[in-house]
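Visitor: One structure, as structure tokens, below. Some questions next.
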Amino acid sequence: MTDLGDFENFSDADAVDDESDPSASASPSADESRSDAVDAGEPSSATERAESSTDRFDRPTIEPLGTDEGIGALCVSNGLRVAEDGDDTALSAYVTRGNRSSVRIGSYLIAPYPDGELLFCRITGLEYAQQYYADDATEIHARRAMRADGIDEADYKFIASLEPVAVLYEDGAELKRRMTDRVPKPQTTLARASDPTQIKTGLKMPEDGIFLGHLSVGGEKVHTAASPPTIDYRINDDYEAGDPLVFRHTLVAGGTGSGKTHAAKNVLRQFLADDRRYPMGDGRTVTPAVVQFDPQDEYAQMHDDGDYDDEFAARLDREGIAHGGHDDTVAFVPTIGTASYAADHHGAEQVPFTIPFSMVHDNPWLVAGSGLNDNQYGALVSVLLPRFKRQYGRDSSYDEFVDFLSDRALREELDESGLVHEATFDAVGRRVRGFGHVFDQDARPITDLVHEFVKPGRLSVVPTYHVNDSRATEAVVLALSSLLIDEKLSNDPTYDRIDETPLLLGMDEAHNFLTDADSVQAGKVISKFTEAAKQGRKERLGLFLVTQDPQDIDDAVFKQINTTIVLNLGDEDAIKSVNIPRSLESKVPYMEQGQMVVYSPDNSEPVELIGLSNCLTRHGRGE
């Protein structure tokens with residue numbers, strides 16, 4: 001016998017020792033006995049005899065007749081309860097053996113009610129439970145398992161914990177959803193959700209809008225019996241269903257290598273589709289404009305076609321996804337000192353511009369990049385700039401302002417009058433210096449280019465990769481964004497073009513510009529963008545922020561974001577900051593390139609998506 005108590009194969013030769021048994025010589029030999037047994041039709045070994053013995057009995061049929069439909073059935077052994085408080089809800093199902101390897105956490109299921117309504121739910125947990133009471137934490141069980149080729153799943157129950165999402169019901173010819181307000185019957189058969197209409201209704205997903213990706217579970221696309229078999233996820237873009245969510249602001253967050261720029265380009269390409277138009281207050285419908293700040297010089301590539309074949313293009317056409325280079329893409333290049341811009345990686349038109357110092361009168365913090373305290377900022381805004389404007393005129397230059405602050409007689413006058421202390425005057429003078437390469441350079445002022453900079457259907461990209469000075473980069477981005485926001489929110493705008501055009505203001509590496517800080521100018525910037533976020537919906541102004549450090553964006557701005565697109569993030573603080581449901585938080589660090597979580601409460605339930613494998617425009621310097 002073996003050490004596990006199993007019987008070894010038995011043979012006549014082992015049982016009879018010819019030398020020790022005196023009757024062996026009178027008995028037939030082992031070979032003769034086996035030969036006789038074979039001739040007689042009898043089994044010649046213990047194994048054959050066992051098999052022959054088994055054949056004498058009919059095997060009972062334990063499989064039920066008919067064909068299985070679904071993956072299992074609701075059970076009451078772990079509770080069957082639906083409650084207002086989700087923590088009190090108990091809903092579970094027994095999964096049959098043939099379906100166990102294919103179910104995943106997050107999969108969507110359908111359970112019918114007797115009257116034809118449907119419970120739409122998702123799997124939140126999977127577990128094996130004992131079929132019969134036994135202690136399998138023993139040496140004999142472990143060693144038998146180590147020697148076995150497989151597991152006999154008949155010895156175990158496989159239980160799926162379910163979260164009810166909605167009840168689906170028919171209202172005339174339309175399928176609608178409501179909160180889960182009734183409990184399904186025990187032993188109700190569960191089936192995979194495979195109808196696109198049921199899935200979209202259950203998850204509150206719009207049929208039309210701006211395409212983001214395809215619905216997925218655990219990194220695999222959800223497939224249906226329809227054509228195409230995937231489920232497209234879109235952001236509401238129709239005023240009939242409420243304000244378009246693009247004007248209620250979007251955040252794309254992802255770490256390095258997560259594919260966030262790839263994803264951002266694909267979203268922007270949908271916003272620039274030829275048929276994308278929005279109604280204005282005067283009754284016109286206008287194609288939107290996009291202004292994209294680009295610190296890595298990647299978005300001007302959207303002028304050129306992407307690298308994909310005709311078959312992929314045909315699939316995009318069938319699904320109504322805009323693709324291909326956007327012809328009306330222009331790179332507005334800031335002229336900063338002697339910095340030169342090289343653009344052999346895209347075919348977009350290039351238009352150089354400069355920031356006129358006159359813009360500082362409306363936004364004094366543009367020359368306060370080094371940081372001014374409240375007292376110093378007050379002196380700049382209330383005394384120095386107004387007096388400079390009176391003496392030199394609104395169109396005066398930055399160099400003239402520096403000369404103005406070098407006037408010792410002015411310094412003494414303001415100190416003696418009590419308007420500006422001499423120490424404060426000196427501090428302001430020091431901090432506003434160092435912008436000579438930013439203002440009034442040898443190019444057309446951006447204020448003279450507004451009609452080209454903001455144009456319906458145009459993608460205006462502002463690259464700053466060639467600018468090595470962070471203060472200069474900050475001044476350019478904040479000067480232009482302030483111009484756009486101020487004109488959009490003004491009751492008496494200077495530039496009607498900005499006021500009358502739907503506008504998406506995109507900002508990559510947004511954490512560099514919208515971070516919380518103690519300086520006065522940082523507070524002014526945050527205040528301006530917060531106001532833009534609050535009022536943008538009615539003014540057709542949307543913010544499109546892209547970042548790898550979402551935790552650094554000021555809360556006042558973050559709270560106004562309606563749609564959050566989260567790709568792979570490895571930093572725990574960054575994951576916590578995006579405020580997605582805990583069930584999805586755990587997936588974020590493990591997502592592959594292109595996988596994303598979308599949290600948009602006014603658009604759908606939180607979902608997992610897979611973006612397109614190809615960028616819809618040119619992407620990458622190696623192409």
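Identifiers in the structure tokens: chain A, B, ... in order shown; residue index from 1 per chain; ligand index from 1 in order shown.
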Against range 611-618 of chain A, which residues of range 342-458 of chain A fall within 12 Å? For each one I want the closest pair of atoms and the distance in Å (one decimal), counting only C-alpha atoms, rows by chain and increasing residue number, as a tab-separated table.
Guide:
residue	atom	partner	partner_atom	distance
A:His345	CA	A:Arg618	CA	9.3
A:His346	CA	A:Arg618	CA	8.2
A:Gly347	CA	A:Arg618	CA	10.2
A:Ala348	CA	A:Arg618	CA	11.5
Visitor: When you count only C-alpha atoms, which of these residues is closest to Ala193 in chain A: A:Glu220, A:Cys121, A:Asp238, A:Asp362?
Guide: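 Going through A:Glu220, A:Cys121, A:Asp238, A:Asp362 one by one, the smallest distance to Ala193 in chain A is for A:Cys121.
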Visitor: Write out as a list in words each polymer residue whose atoms come within 9 Å of Gly254 in chain A, counting only C-alpha atoms; drop sequence neighbours fewer than 6 positions from it.
Guide: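 Contacts, with the query itself left out: Lys260, Thr261, Val546, Thr547, Gln548, Asp549, Pro550, Ile565, Val566, Leu567, Asn568, Leu569, Gly570 and Met596 of chain A.
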Visitor: Using only C-alpha atoms, which residue out of A:Lys185, A:Lys534, A:Arg621, A:Arg540 lies closest to Asp243 in chain A?
Guide: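 Of the candidates, the smallest distance to Asp243 in chain A is held by A:Arg540.
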Visitor: Give the strand (DSSP E) residues of range 392-496 of chain A, as DSSP finds them on the backbone, and put them as a count of residues only.
Guide: 5
Visitor: I'd like the contact shell of Ile526 in chain A - 10 Å cut-off, only C-alpha atoms, skipping same-chain residues fewer than 4 positions apart - returned as a list in words.
Guide: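 Selected residues are Phe513, Leu514, Thr515, Asp516, Ala517, Gln521, Ala522, Thr530, Glu531, Ala532, Ile553, Asp554, Asp555, Ala556 and Val557 of chain A.
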Visitor: Would you kindly return, as a list in words, each protein, DNA or RNA residue with an atom no farther than 9 Å from any atom of Leu80 in chain A, considering only C-alpha atoms and excluding same-chain residues fewer than 4 positions away?
Guide: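 Contacts, in chain order: Leu74, Cys75, Val76, Thr89, Ala90, Leu91, Ser92, Val183, Pro184, Lys185 and Pro186 of chain A.
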Visitor: Env of range 287-299 of chain A: 6 Å cut, atoms = only C-alpha atoms, seq-sep filter 3 positions within chain, self excluded. Answer as a JSON list (two decimals) with N, CA and C atoms, in the first residue's frame.
Guide:
[["chain", "number", "residue", "atom", "x", "y", "z"],
["A", 276, "ARG", "N", -20.06, 68.74, -35.97],
["A", 276, "ARG", "CA", -20.22, 69.19, -34.60],
["A", 276, "ARG", "C", -20.59, 70.67, -34.58],
["A", 277, "ARG", "N", -21.78, 70.99, -34.11],
["A", 277, "ARG", "CA", -22.25, 72.37, -34.05],
["A", 277, "ARG", "C", -23.07, 72.58, -32.79],
["A", 302, "MET", "N", -2.00, 66.88, -34.94],
["A", 302, "MET", "CA", -3.37, 66.55, -35.29],
["A", 302, "MET", "C", -3.74, 67.08, -36.67],
["A", 455, "LYS", "N", -11.27, 80.64, -34.09],
["A", 455, "LYS", "CA", -12.01, 80.55, -35.35],
["A", 455, "LYS", "C", -12.84, 79.28, -35.33],
["A", 456, "PRO", "N", -14.13, 79.36, -35.67],
["A", 456, "PRO", "CA", -14.97, 78.15, -35.68],
["A", 456, "PRO", "C", -14.34, 77.03, -36.50],
["A", 457, "GLY", "N", -14.27, 75.86, -35.91],
["A", 457, "GLY", "CA", -13.71, 74.70, -36.60],
["A", 457, "GLY", "C", -12.21, 74.61, -36.57],
["A", 458, "ARG", "N", -11.53, 75.55, -35.95],
["A", 458, "ARG", "CA", -10.06, 75.56, -35.96],
["A", 458, "ARG", "C", -9.50, 75.00, -34.66],
["A", 459, "LEU", "N", -8.41, 74.25, -34.79],
["A", 459, "LEU", "CA", -7.59, 73.84, -33.66],
["A", 459, "LEU", "C", -6.37, 74.74, -33.61],
["A", 460, "SER", "N", -6.32, 75.61, -32.60],
["A", 460, "SER", "CA", -5.18, 76.51, -32.41],
["A", 460, "SER", "C", -4.31, 75.93, -31.31],
["A", 461, "VAL", "N", -3.10, 75.55, -31.67],
["A", 461, "VAL", "CA", -2.17, 74.93, -30.72],
["A", 461, "VAL", "C", -1.11, 75.96, -30.34],
["A", 462, "VAL", "N", -0.84, 76.07, -29.04],
["A", 462, "VAL", "CA", 0.18, 76.99, -28.54],
["A", 462, "VAL", "C", 1.32, 76.15, -27.96],
["A", 463, "PRO", "N", 2.36, 75.84, -28.76],
["A", 463, "PRO", "CA", 3.48, 75.05, -28.25],
["A", 463, "PRO", "C", 4.41, 75.90, -27.40],
["A", 464, "THR", "N", 4.90, 75.35, -26.31],
["A", 464, "THR", "CA", 5.86, 76.06, -25.45],
["A", 464, "THR", "C", 7.10, 75.20, -25.16],
["A", 465, "TYR", "N", 7.25, 74.11, -25.88],
["A", 465, "TYR", "CA", 8.38, 73.21, -25.64],
["A", 465, "TYR", "C", 9.71, 73.90, -25.90],
["A", 502, "PRO", "N", -18.38, 78.91, -29.73],
["A", 502, "PRO", "CA", -18.20, 77.86, -28.70],
["A", 502, "PRO", "C", -16.72, 77.50, -28.60],
["A", 503, "LEU", "N", -16.22, 77.40, -27.39],
["A", 503, "LEU", "CA", -14.76, 77.28, -27.22],
["A", 503, "LEU", "C", -14.40, 76.20, -26.21],
["A", 504, "LEU", "N", -13.43, 75.37, -26.58],
["A", 504, "LEU", "CA", -12.85, 74.40, -25.67],
["A", 504, "LEU", "C", -11.42, 74.83, -25.39],
["A", 505, "LEU", "N", -11.11, 75.09, -24.13],
["A", 505, "LEU", "CA", -9.78, 75.53, -23.72],
["A", 505, "LEU", "C", -9.04, 74.34, -23.13],
["A", 506, "GLY", "N", -8.08, 73.81, -23.89],
["A", 506, "GLY", "CA", -7.33, 72.64, -23.46],
["A", 506, "GLY", "C", -6.00, 73.02, -22.86],
["A", 507, "MET", "N", -5.60, 72.33, -21.82],
["A", 507, "MET", "CA", -4.35, 72.64, -21.13],
["A", 507, "MET", "C", -3.67, 71.35, -20.71],
["A", 508, "ASP", "N", -2.56, 71.02, -21.37],
["A", 508, "ASP", "CA", -1.77, 69.85, -20.95],
["A", 508, "ASP", "C", -0.86, 70.28, -19.81]]
